[in-house]
file final_25.pdb (PDB, C-alpha atoms)
ATOM      1  CA  MET H 262      84.011   4.888 -48.136  1.00  0.00           C
ATOM      2  CA  ASN H 263      85.251   8.468 -48.544  1.00  0.00           C
ATOM      3  CA  ARG H 264      88.506   7.593 -50.256  1.00  0.00           C
ATOM      4  CA  LEU H 265      89.430   9.601 -53.281  1.00  0.00           C
ATOM      5  CA  THR H 266      89.729   6.693 -55.728  1.00  0.00           C
ATOM      6  CA  ASN H 267      87.324   7.499 -58.545  1.00  0.00           C
ATOM      7  CA  THR H 268      87.820  11.074 -59.677  1.00  0.00           C
ATOM      8  CA  SER H 269      84.938  11.187 -62.157  1.00  0.00           C
ATOM      9  CA  ARG H 270      82.620  12.870 -59.637  1.00  0.00           C
ATOM     10  CA  VAL H 271      85.139  14.997 -57.728  1.00  0.00           C
ATOM     11  CA  ALA H 272      85.228  18.791 -57.687  1.00  0.00           C
ATOM     12  CA  PHE H 273      87.840  21.119 -56.203  1.00  0.00           C
ATOM     13  CA  PHE H 274      86.510  24.033 -54.111  1.00  0.00           C
ATOM     14  CA  LEU H 275      88.542  27.239 -53.693  1.00  0.00           C
ATOM     15  CA  CYS H 276      86.969  29.324 -50.937  1.00  0.00           C
ATOM     16  CA  ASP H 277      87.319  33.121 -50.855  1.00  0.00           C
ATOM     17  CA  ILE H 278      91.044  33.618 -51.467  1.00  0.00           C
ATOM     18  CA  GLN H 279      90.814  37.356 -52.124  1.00  0.00           C
ATOM     19  CA  ALA H 280      93.842  39.677 -52.045  1.00  0.00           C
ATOM     20  CA  LYS H 281      92.111  42.131 -49.725  1.00  0.00           C
ATOM     21  CA  PHE H 282      92.392  39.488 -46.986  1.00  0.00           C
ATOM     22  CA  SER H 283      96.167  39.069 -47.453  1.00  0.00           C
ATOM     23  CA  PRO H 284      97.344  41.347 -44.601  1.00  0.00           C
ATOM     24  CA  HIS H 285      95.013  39.633 -42.146  1.00  0.00           C
ATOM     25  CA  ILE H 286      95.372  35.914 -42.904  1.00  0.00           C
ATOM     26  CA  PHE H 287      98.021  33.841 -41.116  1.00  0.00           C
ATOM     27  CA  HIS H 288     100.628  32.662 -43.692  1.00  0.00           C
ATOM     28  CA  TYR H 289      98.560  34.031 -46.580  1.00  0.00           C
ATOM     29  CA  GLU H 290     101.326  33.551 -49.161  1.00  0.00           C
ATOM     30  CA  ALA H 291     101.669  29.879 -48.208  1.00  0.00           C
ATOM     31  CA  ILE H 292      97.921  29.435 -48.703  1.00  0.00           C
ATOM     32  CA  VAL H 293      98.181  31.008 -52.162  1.00  0.00           C
ATOM     33  CA  GLY H 294     101.051  28.601 -52.918  1.00  0.00           C
ATOM     34  CA  THR H 295      99.054  25.558 -51.857  1.00  0.00           C
ATOM     35  CA  ALA H 296      95.985  26.798 -53.720  1.00  0.00           C
ATOM     36  CA  THR H 297      98.092  27.198 -56.856  1.00  0.00           C
ATOM     37  CA  LYS H 298      99.202  23.562 -56.564  1.00  0.00           C
ATOM     38  CA  MET H 299      95.619  22.430 -56.071  1.00  0.00           C
ATOM     39  CA  ILE H 300      94.431  24.423 -59.091  1.00  0.00           C
ATOM     40  CA  LYS H 301      97.138  22.773 -61.192  1.00  0.00           C
ATOM     41  CA  ALA H 302      96.166  19.347 -59.837  1.00  0.00           C
ATOM     42  CA  ALA H 303      92.536  19.958 -60.823  1.00  0.00           C
ATOM     43  CA  GLN H 304      93.686  20.907 -64.322  1.00  0.00           C
ATOM     44  CA  ILE H 305      95.928  17.839 -64.698  1.00  0.00           C
ATOM     45  CA  LEU H 306      93.122  15.576 -63.480  1.00  0.00           C
ATOM     46  CA  GLN H 307      90.615  17.484 -65.641  1.00  0.00           C
ATOM     47  CA  LEU H 308      88.382  18.112 -62.633  1.00  0.00           C
ATOM     48  CA  PRO H 309      86.066  21.076 -62.172  1.00  0.00           C
ATOM     49  CA  LEU H 310      87.177  23.971 -59.986  1.00  0.00           C
ATOM     50  CA  ILE H 311      84.468  25.845 -58.103  1.00  0.00           C
ATOM     51  CA  VAL H 312      85.638  29.267 -56.889  1.00  0.00           C
ATOM     52  CA  THR H 313      83.744  31.569 -54.551  1.00  0.00           C
ATOM     53  CA  GLU H 314      84.276  35.213 -53.740  1.00  0.00           C
ATOM     54  CA  GLN H 315      82.845  36.731 -50.574  1.00  0.00           C
ATOM     55  CA  LEU H 316      81.159  40.049 -51.424  1.00  0.00           C
ATOM     56  CA  PRO H 317      83.589  40.864 -54.264  1.00  0.00           C
ATOM     57  CA  ASP H 318      82.097  44.339 -54.746  1.00  0.00           C
ATOM     58  CA  LYS H 319      83.351  45.193 -51.227  1.00  0.00           C
ATOM     59  CA  LEU H 320      86.219  42.736 -50.705  1.00  0.00           C
ATOM     60  CA  GLY H 321      87.613  42.526 -54.211  1.00  0.00           C
ATOM     61  CA  PRO H 322      88.090  39.600 -56.601  1.00  0.00           C
ATOM     62  CA  THR H 323      89.977  36.346 -56.232  1.00  0.00           C
ATOM     63  CA  ASP H 324      93.700  36.952 -55.753  1.00  0.00           C
ATOM     64  CA  SER H 325      95.210  37.571 -59.216  1.00  0.00           C
ATOM     65  CA  ASN H 326      98.257  35.475 -58.245  1.00  0.00           C
ATOM     66  CA  LEU H 327      96.084  32.371 -58.497  1.00  0.00           C
ATOM     67  CA  PRO H 328      96.260  30.809 -61.973  1.00  0.00           C
ATOM     68  CA  LEU H 329      92.543  30.240 -62.522  1.00  0.00           C
ATOM     69  CA  PRO H 330      92.032  28.217 -65.690  1.00  0.00           C
ATOM     70  CA  SER H 331      89.693  29.379 -68.426  1.00  0.00           C
ATOM     71  CA  ASP H 332      88.240  25.874 -68.847  1.00  0.00           C
ATOM     72  CA  ASN H 333      86.324  23.873 -66.247  1.00  0.00           C
ATOM     73  CA  CYS H 334      86.472  26.753 -63.714  1.00  0.00           C
ATOM     74  CA  PHE H 335      83.237  28.131 -62.305  1.00  0.00           C
ATOM     75  CA  LYS H 336      83.256  31.336 -60.255  1.00  0.00           C
ATOM     76  CA  PHE H 337      80.415  32.339 -57.939  1.00  0.00           C
ATOM     77  CA  THR H 338      79.822  35.279 -55.623  1.00  0.00           C
ATOM     78  CA  LYS H 339      78.410  34.802 -52.164  1.00  0.00           C
ATOM     79  CA  SER H 340      77.303  36.743 -49.129  1.00  0.00           C
ATOM     80  CA  SER H 341      76.949  33.803 -46.731  1.00  0.00           C
ATOM     81  CA  PHE H 342      79.607  31.803 -44.917  1.00  0.00           C
ATOM     82  CA  SER H 343      79.023  28.546 -46.815  1.00  0.00           C
ATOM     83  CA  MET H 344      80.097  28.136 -50.411  1.00  0.00           C
ATOM     84  CA  LEU H 345      76.867  26.220 -51.040  1.00  0.00           C
ATOM     85  CA  THR H 346      74.828  28.983 -52.632  1.00  0.00           C
ATOM     86  CA  CYS H 347      71.889  28.065 -54.881  1.00  0.00           C
ATOM     87  CA  ASP H 348      74.118  28.517 -57.940  1.00  0.00           C
ATOM     88  CA  VAL H 349      76.889  26.320 -56.529  1.00  0.00           C
ATOM     89  CA  LEU H 350      74.367  23.637 -55.558  1.00  0.00           C
ATOM     90  CA  GLY H 351      73.012  23.715 -59.095  1.00  0.00           C
ATOM     91  CA  LYS H 352      76.523  23.221 -60.485  1.00  0.00           C
ATOM     92  CA  LEU H 353      77.185  20.336 -58.056  1.00  0.00           C
ATOM     93  CA  ASP H 354      73.973  18.649 -59.217  1.00  0.00           C
ATOM     94  CA  GLU H 355      74.880  19.231 -62.861  1.00  0.00           C
ATOM     95  CA  LEU H 356      78.335  17.708 -62.290  1.00  0.00           C
ATOM     96  CA  LYS H 357      76.903  14.886 -60.137  1.00  0.00           C
ATOM     97  CA  THR H 358      79.603  15.634 -57.559  1.00  0.00           C
ATOM     98  CA  ASP H 359      79.962  13.192 -54.670  1.00  0.00           C
ATOM     99  CA  HIS H 360      83.362  14.295 -53.319  1.00  0.00           C
ATOM    100  CA  VAL H 361      84.842  17.760 -52.802  1.00  0.00           C
ATOM    101  CA  VAL H 362      88.471  18.729 -52.235  1.00  0.00           C
ATOM    102  CA  LEU H 363      88.263  21.933 -50.191  1.00  0.00           C
ATOM    103  CA  PHE H 364      90.795  24.713 -49.533  1.00  0.00           C
ATOM    104  CA  GLY H 365      90.744  28.458 -48.840  1.00  0.00           C
ATOM    105  CA  ILE H 366      89.897  30.919 -46.086  1.00  0.00           C
ATOM    106  CA  GLU H 367      88.801  31.330 -43.378  1.00  0.00           C
ATOM    107  CA  ALA H 368      89.202  27.856 -41.875  1.00  0.00           C
ATOM    108  CA  HIS H 369      86.933  28.388 -38.875  1.00  0.00           C
ATOM    109  CA  VAL H 370      84.112  30.117 -40.754  1.00  0.00           C
ATOM    110  CA  CYS H 371      83.572  29.677 -44.502  1.00  0.00           C
ATOM    111  CA  VAL H 372      85.662  26.532 -45.003  1.00  0.00           C
ATOM    112  CA  LEU H 373      84.204  24.807 -41.939  1.00  0.00           C
ATOM    113  CA  GLN H 374      80.613  25.767 -42.767  1.00  0.00           C
ATOM    114  CA  THR H 375      81.075  24.564 -46.345  1.00  0.00           C
ATOM    115  CA  ALA H 376      82.491  21.232 -45.165  1.00  0.00           C
ATOM    116  CA  LEU H 377      79.623  20.720 -42.722  1.00  0.00           C
ATOM    117  CA  ASP H 378      77.020  21.627 -45.356  1.00  0.00           C
ATOM    118  CA  LEU H 379      78.580  19.234 -47.873  1.00  0.00           C
ATOM    119  CA  LEU H 380      78.623  16.408 -45.329  1.00  0.00           C
ATOM    120  CA  GLU H 381      74.996  17.104 -44.474  1.00  0.00           C
ATOM    121  CA  ARG H 382      74.172  16.592 -48.149  1.00  0.00           C
ATOM    122  CA  GLY H 383      76.041  13.275 -48.249  1.00  0.00           C
ATOM    123  CA  ILE H 384      79.002  14.643 -50.197  1.00  0.00           C
ATOM    124  CA  ALA H 385      82.414  13.427 -49.029  1.00  0.00           C
ATOM    125  CA  VAL H 386      84.936  16.156 -48.177  1.00  0.00           C
ATOM    126  CA  THR H 387      88.708  16.286 -48.168  1.00  0.00           C
ATOM    127  CA  VAL H 388      89.993  19.457 -46.485  1.00  0.00           C
ATOM    128  CA  ILE H 389      93.547  20.303 -47.529  1.00  0.00           C
ATOM    129  CA  LYS H 390      95.219  20.922 -44.166  1.00  0.00           C
ATOM    130  CA  ASP H 391      97.950  23.229 -45.492  1.00  0.00           C
ATOM    131  CA  GLY H 392      95.461  24.867 -47.847  1.00  0.00           C
ATOM    132  CA  VAL H 393      93.349  26.577 -45.199  1.00  0.00           C
ATOM    133  CA  SER H 394      94.032  29.487 -42.880  1.00  0.00           C
ATOM    134  CA  SER H 395      92.422  32.165 -40.718  1.00  0.00           C
ATOM    135  CA  CYS H 396      93.277  35.497 -39.172  1.00  0.00           C
ATOM    136  CA  ASN H 397      94.495  33.796 -36.005  1.00  0.00           C
ATOM    137  CA  GLN H 398      96.681  30.702 -36.114  1.00  0.00           C
ATOM    138  CA  GLY H 399      94.758  29.006 -33.295  1.00  0.00           C
ATOM    139  CA  GLU H 400      91.499  29.133 -35.240  1.00  0.00           C
ATOM    140  CA  ILE H 401      92.963  26.884 -37.932  1.00  0.00           C
ATOM    141  CA  ALA H 402      93.632  23.927 -35.635  1.00  0.00           C
ATOM    142  CA  THR H 403      90.233  24.325 -33.975  1.00  0.00           C
ATOM    143  CA  ALA H 404      88.445  24.340 -37.333  1.00  0.00           C
ATOM    144  CA  LEU H 405      90.357  21.273 -38.536  1.00  0.00           C
ATOM    145  CA  GLU H 406      89.569  19.464 -35.284  1.00  0.00           C
ATOM    146  CA  VAL H 407      85.846  20.246 -35.574  1.00  0.00           C
ATOM    147  CA  SER H 408      85.927  19.139 -39.223  1.00  0.00           C
ATOM    148  CA  HIS H 409      87.695  15.907 -38.294  1.00  0.00           C
ATOM    149  CA  MET H 410      85.183  15.159 -35.525  1.00  0.00           C
ATOM    150  CA  SER H 411      82.293  15.894 -37.895  1.00  0.00           C
ATOM    151  CA  PHE H 412      83.736  13.611 -40.576  1.00  0.00           C
ATOM    152  CA  LYS H 413      84.011  10.812 -38.030  1.00  0.00           C
ATOM    153  CA  LEU H 414      80.472  11.408 -36.784  1.00  0.00           C
ATOM    154  CA  ILE H 415      79.141  11.279 -40.330  1.00  0.00           C
ATOM    155  CA  ALA H 416      81.288   8.304 -41.350  1.00  0.00           C
ATOM    156  CA  HIS H 417      80.373   6.273 -38.258  1.00  0.00           C
ATOM    157  CA  HIS H 418      76.725   7.249 -38.008  1.00  0.00           C
ATOM    158  CA  PRO H 419      74.691   4.027 -37.958  1.00  0.00           C
ATOM    159  CA  ALA H 420      72.158   3.572 -40.713  1.00  0.00           C
ATOM    160  CA  PRO H 421      68.504   3.926 -39.588  1.00  0.00           C
TER     161      PRO H 421
END
call {"tool": "encode", "arguments": {"input": "final_25.pdb", "output": "C-alpha coordinates"}}
result
Amino acid sequence: MNRLTNTSRVAFFLCDIQAKFSPHIFHYEAIVGTATKMIKAAQILQLPLIVTEQLPDKLGPTDSNLPLPSDNCFKFTKSSFSMLTCDVLGKLDELKTDHVVLFGIEAHVCVLQTALDLLERGIAVTVIKDGVSSCNQGEIATALEVSHMSFKLIAHHPAP
(Lines of atoms letter the chains of each structure in order from A and count residues from 1; the text may use other names and numbers.)
(Lines give C-alpha, C1' and ligand atoms only; values in the text may rest on other atoms or scores of the structure.)
Protein backbone atom coordinates (compact mmCIF):
# COMPACT_ATOMS: atom_id res chain seq x y z
CA MET A 1 0.00 0.00 0.00
CA ASN A 2 2.69 2.53 0.95
CA ARG A 3 5.42 1.08 -1.23
CA LEU A 4 7.43 3.50 -3.27
CA THR A 5 6.71 1.97 -6.69
CA ASN A 6 5.19 4.78 -8.74
CA THR A 7 7.29 7.91 -8.39
CA SER A 8 5.01 10.22 -10.37
CA ARG A 9 3.38 11.60 -7.21
CA VAL A 10 6.35 11.48 -4.82
CA ALA A 11 8.05 14.50 -3.28
CA PHE A 12 11.24 14.68 -1.21
CA PHE A 13 11.07 16.79 1.97
CA LEU A 14 14.22 18.35 3.46
CA CYS A 15 13.41 19.64 6.94
CA ASP A 16 15.34 22.53 8.50
CA ILE A 17 18.96 21.56 7.83
CA GLN A 18 20.43 24.95 8.74
CA ALA A 19 24.13 25.49 9.49
CA LYS A 20 23.38 27.32 12.73
CA PHE A 21 22.21 23.98 14.15
CA SER A 22 25.47 22.19 13.25
CA PRO A 23 27.20 22.40 16.66
CA HIS A 24 24.12 21.06 18.42
CA ILE A 25 22.93 18.18 16.21
CA PHE A 26 24.23 14.65 16.80
CA HIS A 27 26.33 13.58 13.76
CA TYR A 28 25.37 16.72 11.84
CA GLU A 29 27.92 16.15 9.06
CA ALA A 30 26.55 12.65 8.44
CA ILE A 31 23.05 14.11 8.12
CA VAL A 32 24.33 16.63 5.57
CA GLY A 33 25.95 13.73 3.68
CA THR A 34 22.74 11.71 3.60
CA ALA A 35 20.72 14.78 2.65
CA THR A 36 23.11 15.42 -0.23
CA LYS A 37 22.52 11.88 -1.51
CA MET A 38 18.77 12.32 -1.21
CA ILE A 39 18.87 15.64 -3.08
CA LYS A 40 20.82 13.95 -5.88
CA ALA A 41 18.34 11.06 -5.93
CA ALA A 42 15.44 13.52 -6.28
CA GLN A 43 17.25 15.16 -9.20
CA ILE A 44 17.99 11.85 -10.95
CA LEU A 45 14.38 10.75 -10.50
CA GLN A 46 13.17 14.24 -11.51
CA LEU A 47 11.12 14.53 -8.33
CA PRO A 48 10.26 17.76 -6.53
CA LEU A 49 12.26 18.76 -3.48
CA ILE A 50 10.44 20.72 -0.79
CA VAL A 51 12.82 22.51 1.59
CA THR A 52 11.86 24.28 4.80
CA GLU A 53 13.81 26.68 6.95
CA GLN A 54 12.84 27.29 10.57
CA LEU A 55 12.84 31.04 11.25
CA PRO A 56 15.67 31.77 8.78
CA ASP A 57 15.87 35.42 9.85
CA LYS A 58 16.99 34.19 13.30
CA LEU A 59 18.46 30.75 12.56
CA GLY A 60 19.99 31.35 9.16
CA PRO A 61 19.42 29.71 5.77
CA THR A 62 19.68 26.11 4.66
CA ASP A 63 23.23 24.80 5.03
CA SER A 64 25.22 26.01 1.99
CA ASN A 65 26.95 22.61 1.79
CA LEU A 66 23.70 21.13 0.50
CA PRO A 67 23.55 21.16 -3.31
CA LEU A 68 20.03 22.52 -3.74
CA PRO A 69 19.04 22.35 -7.39
CA SER A 70 17.73 25.38 -9.24
CA ASP A 71 14.97 23.33 -10.90
CA ASN A 72 12.12 21.52 -9.16
CA CYS A 73 13.22 22.79 -5.71
CA PHE A 74 10.75 24.76 -3.61
CA LYS A 75 11.93 26.54 -0.46
CA PHE A 76 9.56 27.68 2.29
CA THR A 77 10.04 29.41 5.62
CA LYS A 78 8.21 28.27 8.71
CA SER A 79 7.72 29.13 12.35
CA SER A 80 5.89 25.96 13.39
CA PHE A 81 7.23 22.47 14.03
CA SER A 82 5.51 20.83 11.05
CA MET A 83 6.68 21.45 7.51
CA LEU A 84 3.03 21.54 6.44
CA THR A 85 2.55 25.29 6.26
CA CYS A 86 -0.24 26.70 4.08
CA ASP A 87 2.27 27.30 1.28
CA VAL A 88 3.67 23.77 1.47
CA LEU A 89 0.16 22.30 1.49
CA GLY A 90 -0.65 24.34 -1.60
CA LYS A 91 2.43 22.97 -3.35
CA LEU A 92 1.54 19.39 -2.34
CA ASP A 93 -1.95 19.87 -3.81
CA GLU A 94 -0.50 21.38 -6.98
CA LEU A 95 1.89 18.42 -7.35
CA LYS A 96 -0.83 15.91 -6.39
CA THR A 97 1.64 14.33 -3.96
CA ASP A 98 0.61 11.06 -2.32
CA HIS A 99 3.99 9.95 -0.93
CA VAL A 100 6.75 11.91 0.80
CA VAL A 101 10.36 10.90 1.41
CA LEU A 102 11.33 12.79 4.57
CA PHE A 103 14.72 13.69 6.07
CA GLY A 104 16.21 16.48 8.20
CA ILE A 105 16.21 17.76 11.77
CA GLU A 106 15.12 17.50 14.49
CA ALA A 107 13.83 13.92 14.45
CA HIS A 108 11.70 14.15 17.59
CA VAL A 109 10.11 17.52 16.79
CA CYS A 110 9.83 18.87 13.24
CA VAL A 111 10.42 15.61 11.36
CA LEU A 112 8.04 13.64 13.59
CA GLN A 113 5.32 16.29 13.51
CA THR A 114 5.60 16.53 9.72
CA ALA A 115 5.32 12.75 9.36
CA LEU A 116 2.27 12.61 11.62
CA ASP A 117 0.60 15.51 9.79
CA LEU A 118 1.24 13.88 6.41
CA LEU A 119 -0.20 10.57 7.60
CA GLU A 120 -3.25 12.37 8.96
CA ARG A 121 -3.82 13.76 5.47
CA GLY A 122 -3.55 10.30 3.90
CA ILE A 123 -0.10 10.89 2.42
CA ALA A 124 2.32 7.97 2.72
CA VAL A 125 5.66 8.75 4.38
CA THR A 126 9.10 7.22 4.13
CA VAL A 127 11.43 8.58 6.82
CA ILE A 128 15.09 8.13 5.91
CA LYS A 129 16.50 6.59 9.09
CA ASP A 130 20.08 7.80 8.58
CA GLY A 131 18.80 11.13 7.29
CA VAL A 132 17.36 12.39 10.56
CA SER A 133 18.97 13.54 13.78
CA SER A 134 18.44 15.56 16.96
CA CYS A 135 20.47 17.29 19.63
CA ASN A 136 20.50 14.13 21.74
CA GLN A 137 21.15 10.72 20.23
CA GLY A 138 18.40 9.07 22.28
CA GLU A 139 15.74 11.35 20.83
CA ILE A 140 16.37 9.95 17.35
CA ALA A 141 15.46 6.36 18.22
CA THR A 142 12.41 7.50 20.17
CA ALA A 143 11.16 9.61 17.26
CA LEU A 144 11.69 6.77 14.78
CA GLU A 145 9.87 4.36 17.09
CA VAL A 146 6.89 6.72 17.45
CA SER A 147 6.88 7.22 13.67
CA HIS A 148 6.98 3.47 13.08
CA MET A 149 4.12 2.86 15.52
CA SER A 150 2.09 5.64 13.88
CA PHE A 151 2.69 4.22 10.41
CA LYS A 152 1.47 0.83 11.59
CA LEU A 153 -1.59 2.36 13.26
CA ILE A 154 -2.46 4.22 10.08
CA ALA A 155 -1.70 1.28 7.79
CA HIS A 156 -3.72 -1.18 9.87
CA HIS A 157 -6.60 1.09 10.79
CA PRO A 158 -9.81 -0.66 9.72
CA ALA A 159 -11.99 1.15 7.23
CA PRO A 160 -15.23 2.58 8.70
call {"tool": "residues_around", "arguments": {"input": "final_25.pdb", "residues": "H:Ile286", "least_positions_apart": "3", "cutoff": "7 Å", "atoms": "only C-alpha atoms", "output": "number ranges by chain"}}
result
H: 282-283, 289, 394-396
call {"tool": "resolve_selection", "arguments": {"input": "final_25.pdb", "expression": "the PyMOL selection byres ((chain H and resi 311-320) around 7)", "output": "JSON, numbers by chain"}}
result
{"H": [273, 274, 275, 276, 277, 281, 309, 310, 321, 322, 323, 334, 335, 336, 337, 338, 339, 340, 344]}
call {"tool": "atom_distance", "arguments": {"input": "final_25.pdb", "atom1": "atom CA of H:Ala303", "atom2": "atom CA of H:Ile278"}}
result
16.6 Å
call {"tool": "atom_distance", "arguments": {"input": "final_25.pdb", "atom1": "atom CA of H:Ala272", "atom2": "atom CA of H:Val361"}}
result
5.0 Å
call {"tool": "closest_residue", "arguments": {"input": "final_25.pdb", "among": "H:Ile389, H:Ile384, H:Ile305, H:Leu350", "to": "H:Val362", "atoms": "all atoms listed in the file"}}
result
H:Ile389
call {"tool": "atom_distance", "arguments": {"input": "final_25.pdb", "atom1": "atom CA of H:Thr297", "atom2": "atom CA of H:Gly383"}}
result
27.5 Å
call {"tool": "resolve_selection", "arguments": {"input": "final_25.pdb", "expression": "the PyMOL selection byres ((chain H and resi 269) around 10)", "output": "PyMOL selection string"}}
result
chain H and resi 266-268+270-272+306-309+356-360
call {"tool": "closest_residue", "arguments": {"input": "final_25.pdb", "among": "H:Pro284, H:Lys298, H:Ser343, H:Ala291", "to": "H:Gln374", "atoms": "only C-alpha atoms"}}
result
H:Ser343
call {"tool": "closest_residue", "arguments": {"input": "final_25.pdb", "among": "H:Cys371, H:Leu363, H:Asp324, H:Asp348", "to": "H:Val386", "atoms": "all atoms listed in the file"}}
result
H:Leu363
call {"tool": "residues_near_point", "arguments": {"input": "final_25.pdb", "point": "(77.3, 19.0, -52.3)", "cutoff": "6 Å", "atoms": "all atoms listed in the file", "output": "PyMOL selection string"}}
result
chain H and resi 353+379+382+384
call {"tool": "decode", "arguments": {"input": "final_25.pdb", "residues": "stretch 298-309 of chain H", "atoms": "all heavy atoms", "output": "PDB file, in the first residue's frame"}}
result
ATOM      1  N   LYS H 298      22.882  13.053  -0.687  1.00  0.00           N
ATOM      2  CA  LYS H 298      22.520  11.878  -1.506  1.00  0.00           C
ATOM      3  C   LYS H 298      21.048  11.906  -1.879  1.00  0.00           C
ATOM      4  O   LYS H 298      20.675  11.585  -3.020  1.00  0.00           O
ATOM      5  CB  LYS H 298      22.839  10.583  -0.752  1.00  0.00           C
ATOM      6  CG  LYS H 298      24.309  10.327  -0.566  1.00  0.00           C
ATOM      7  CD  LYS H 298      24.527   9.081   0.284  1.00  0.00           C
ATOM      8  CE  LYS H 298      25.967   8.984   0.733  1.00  0.00           C
ATOM      9  NZ  LYS H 298      26.151   7.895   1.699  1.00  0.00           N
ATOM     10  N   MET H 299      20.205  12.284  -0.943  1.00  0.00           N
ATOM     11  CA  MET H 299      18.768  12.319  -1.211  1.00  0.00           C
ATOM     12  C   MET H 299      18.415  13.417  -2.213  1.00  0.00           C
ATOM     13  O   MET H 299      17.556  13.227  -3.078  1.00  0.00           O
ATOM     14  CB  MET H 299      17.992  12.504   0.096  1.00  0.00           C
ATOM     15  CG  MET H 299      18.195  11.380   1.106  1.00  0.00           C
ATOM     16  SD  MET H 299      17.985   9.719   0.428  1.00  0.00           S
ATOM     17  CE  MET H 299      16.294   9.772  -0.099  1.00  0.00           C
ATOM     18  N   ILE H 300      19.086  14.548  -2.113  1.00  0.00           N
ATOM     19  CA  ILE H 300      18.873  15.637  -3.077  1.00  0.00           C
ATOM     20  C   ILE H 300      19.252  15.163  -4.479  1.00  0.00           C
ATOM     21  O   ILE H 300      18.519  15.388  -5.446  1.00  0.00           O
ATOM     22  CB  ILE H 300      19.679  16.892  -2.676  1.00  0.00           C
ATOM     23  CG1 ILE H 300      19.117  17.491  -1.385  1.00  0.00           C
ATOM     24  CG2 ILE H 300      19.706  17.918  -3.800  1.00  0.00           C
ATOM     25  CD1 ILE H 300      20.027  18.505  -0.712  1.00  0.00           C
ATOM     26  N   LYS H 301      20.388  14.481  -4.575  1.00  0.00           N
ATOM     27  CA  LYS H 301      20.819  13.952  -5.877  1.00  0.00           C
ATOM     28  C   LYS H 301      19.851  12.906  -6.398  1.00  0.00           C
ATOM     29  O   LYS H 301      19.558  12.858  -7.602  1.00  0.00           O
ATOM     30  CB  LYS H 301      22.239  13.400  -5.768  1.00  0.00           C
ATOM     31  CG  LYS H 301      23.275  14.498  -5.588  1.00  0.00           C
ATOM     32  CD  LYS H 301      24.674  13.958  -5.436  1.00  0.00           C
ATOM     33  CE  LYS H 301      25.661  15.104  -5.209  1.00  0.00           C
ATOM     34  NZ  LYS H 301      27.019  14.638  -4.959  1.00  0.00           N
ATOM     35  N   ALA H 302      19.324  12.070  -5.512  1.00  0.00           N
ATOM     36  CA  ALA H 302      18.337  11.062  -5.925  1.00  0.00           C
ATOM     37  C   ALA H 302      17.083  11.735  -6.476  1.00  0.00           C
ATOM     38  O   ALA H 302      16.546  11.313  -7.507  1.00  0.00           O
ATOM     39  CB  ALA H 302      17.986  10.157  -4.746  1.00  0.00           C
ATOM     40  N   ALA H 303      16.618  12.779  -5.805  1.00  0.00           N
ATOM     41  CA  ALA H 303      15.445  13.518  -6.283  1.00  0.00           C
ATOM     42  C   ALA H 303      15.698  14.088  -7.670  1.00  0.00           C
ATOM     43  O   ALA H 303      14.822  14.028  -8.544  1.00  0.00           O
ATOM     44  CB  ALA H 303      15.077  14.628  -5.296  1.00  0.00           C
ATOM     45  N   GLN H 304      16.910  14.610  -7.880  1.00  0.00           N
ATOM     46  CA  GLN H 304      17.253  15.165  -9.195  1.00  0.00           C
ATOM     47  C   GLN H 304      17.269  14.075 -10.270  1.00  0.00           C
ATOM     48  O   GLN H 304      16.717  14.264 -11.354  1.00  0.00           O
ATOM     49  CB  GLN H 304      18.614  15.850  -9.143  1.00  0.00           C
ATOM     50  CG  GLN H 304      18.600  17.161  -8.399  1.00  0.00           C
ATOM     51  CD  GLN H 304      19.981  17.774  -8.358  1.00  0.00           C
ATOM     52  OE1 GLN H 304      20.842  17.308  -7.613  1.00  0.00           O
ATOM     53  NE2 GLN H 304      20.177  18.805  -9.157  1.00  0.00           N
ATOM     54  N   ILE H 305      17.911  12.954  -9.979  1.00  0.00           N
ATOM     55  CA  ILE H 305      17.992  11.853 -10.947  1.00  0.00           C
ATOM     56  C   ILE H 305      16.593  11.354 -11.302  1.00  0.00           C
ATOM     57  O   ILE H 305      16.294  11.092 -12.474  1.00  0.00           O
ATOM     58  CB  ILE H 305      18.868  10.711 -10.398  1.00  0.00           C
ATOM     59  CG1 ILE H 305      20.328  11.160 -10.347  1.00  0.00           C
ATOM     60  CG2 ILE H 305      18.714   9.434 -11.220  1.00  0.00           C
ATOM     61  CD1 ILE H 305      21.245  10.250  -9.542  1.00  0.00           C
ATOM     62  N   LEU H 306      15.744  11.243 -10.291  1.00  0.00           N
ATOM     63  CA  LEU H 306      14.376  10.754 -10.505  1.00  0.00           C
ATOM     64  C   LEU H 306      13.435  11.852 -11.001  1.00  0.00           C
ATOM     65  O   LEU H 306      12.265  11.599 -11.261  1.00  0.00           O
ATOM     66  CB  LEU H 306      13.833  10.152  -9.207  1.00  0.00           C
ATOM     67  CG  LEU H 306      14.564   8.904  -8.709  1.00  0.00           C
ATOM     68  CD1 LEU H 306      14.113   8.545  -7.297  1.00  0.00           C
ATOM     69  CD2 LEU H 306      14.344   7.744  -9.669  1.00  0.00           C
ATOM     70  N   GLN H 307      13.946  13.069 -11.092  1.00  0.00           N
ATOM     71  CA  GLN H 307      13.171  14.238 -11.511  1.00  0.00           C
ATOM     72  C   GLN H 307      11.939  14.449 -10.631  1.00  0.00           C
ATOM     73  O   GLN H 307      10.835  14.689 -11.103  1.00  0.00           O
ATOM     74  CB  GLN H 307      12.791  14.137 -12.988  1.00  0.00           C
ATOM     75  CG  GLN H 307      13.996  14.087 -13.896  1.00  0.00           C
ATOM     76  CD  GLN H 307      13.630  13.935 -15.359  1.00  0.00           C
ATOM     77  OE1 GLN H 307      12.490  13.677 -15.727  1.00  0.00           O
ATOM     78  NE2 GLN H 307      14.624  14.111 -16.209  1.00  0.00           N
ATOM     79  N   LEU H 308      12.186  14.352  -9.303  1.00  0.00           N
ATOM     80  CA  LEU H 308      11.118  14.532  -8.329  1.00  0.00           C
ATOM     81  C   LEU H 308      11.277  15.876  -7.626  1.00  0.00           C
ATOM     82  O   LEU H 308      12.395  16.349  -7.442  1.00  0.00           O
ATOM     83  CB  LEU H 308      11.154  13.400  -7.300  1.00  0.00           C
ATOM     84  CG  LEU H 308      10.863  12.008  -7.861  1.00  0.00           C
ATOM     85  CD1 LEU H 308      11.085  10.955  -6.800  1.00  0.00           C
ATOM     86  CD2 LEU H 308       9.448  11.950  -8.405  1.00  0.00           C
ATOM     87  N   PRO H 309      10.175  16.473  -7.219  1.00  0.00           N
ATOM     88  CA  PRO H 309      10.259  17.757  -6.535  1.00  0.00           C
ATOM     89  C   PRO H 309      10.904  17.628  -5.158  1.00  0.00           C
ATOM     90  O   PRO H 309      10.748  16.615  -4.470  1.00  0.00           O
ATOM     91  CB  PRO H 309       8.803  18.201  -6.417  1.00  0.00           C
ATOM     92  CG  PRO H 309       7.997  16.950  -6.555  1.00  0.00           C
ATOM     93  CD  PRO H 309       8.801  16.013  -7.398  1.00  0.00           C
TER      94      PRO H 309
END
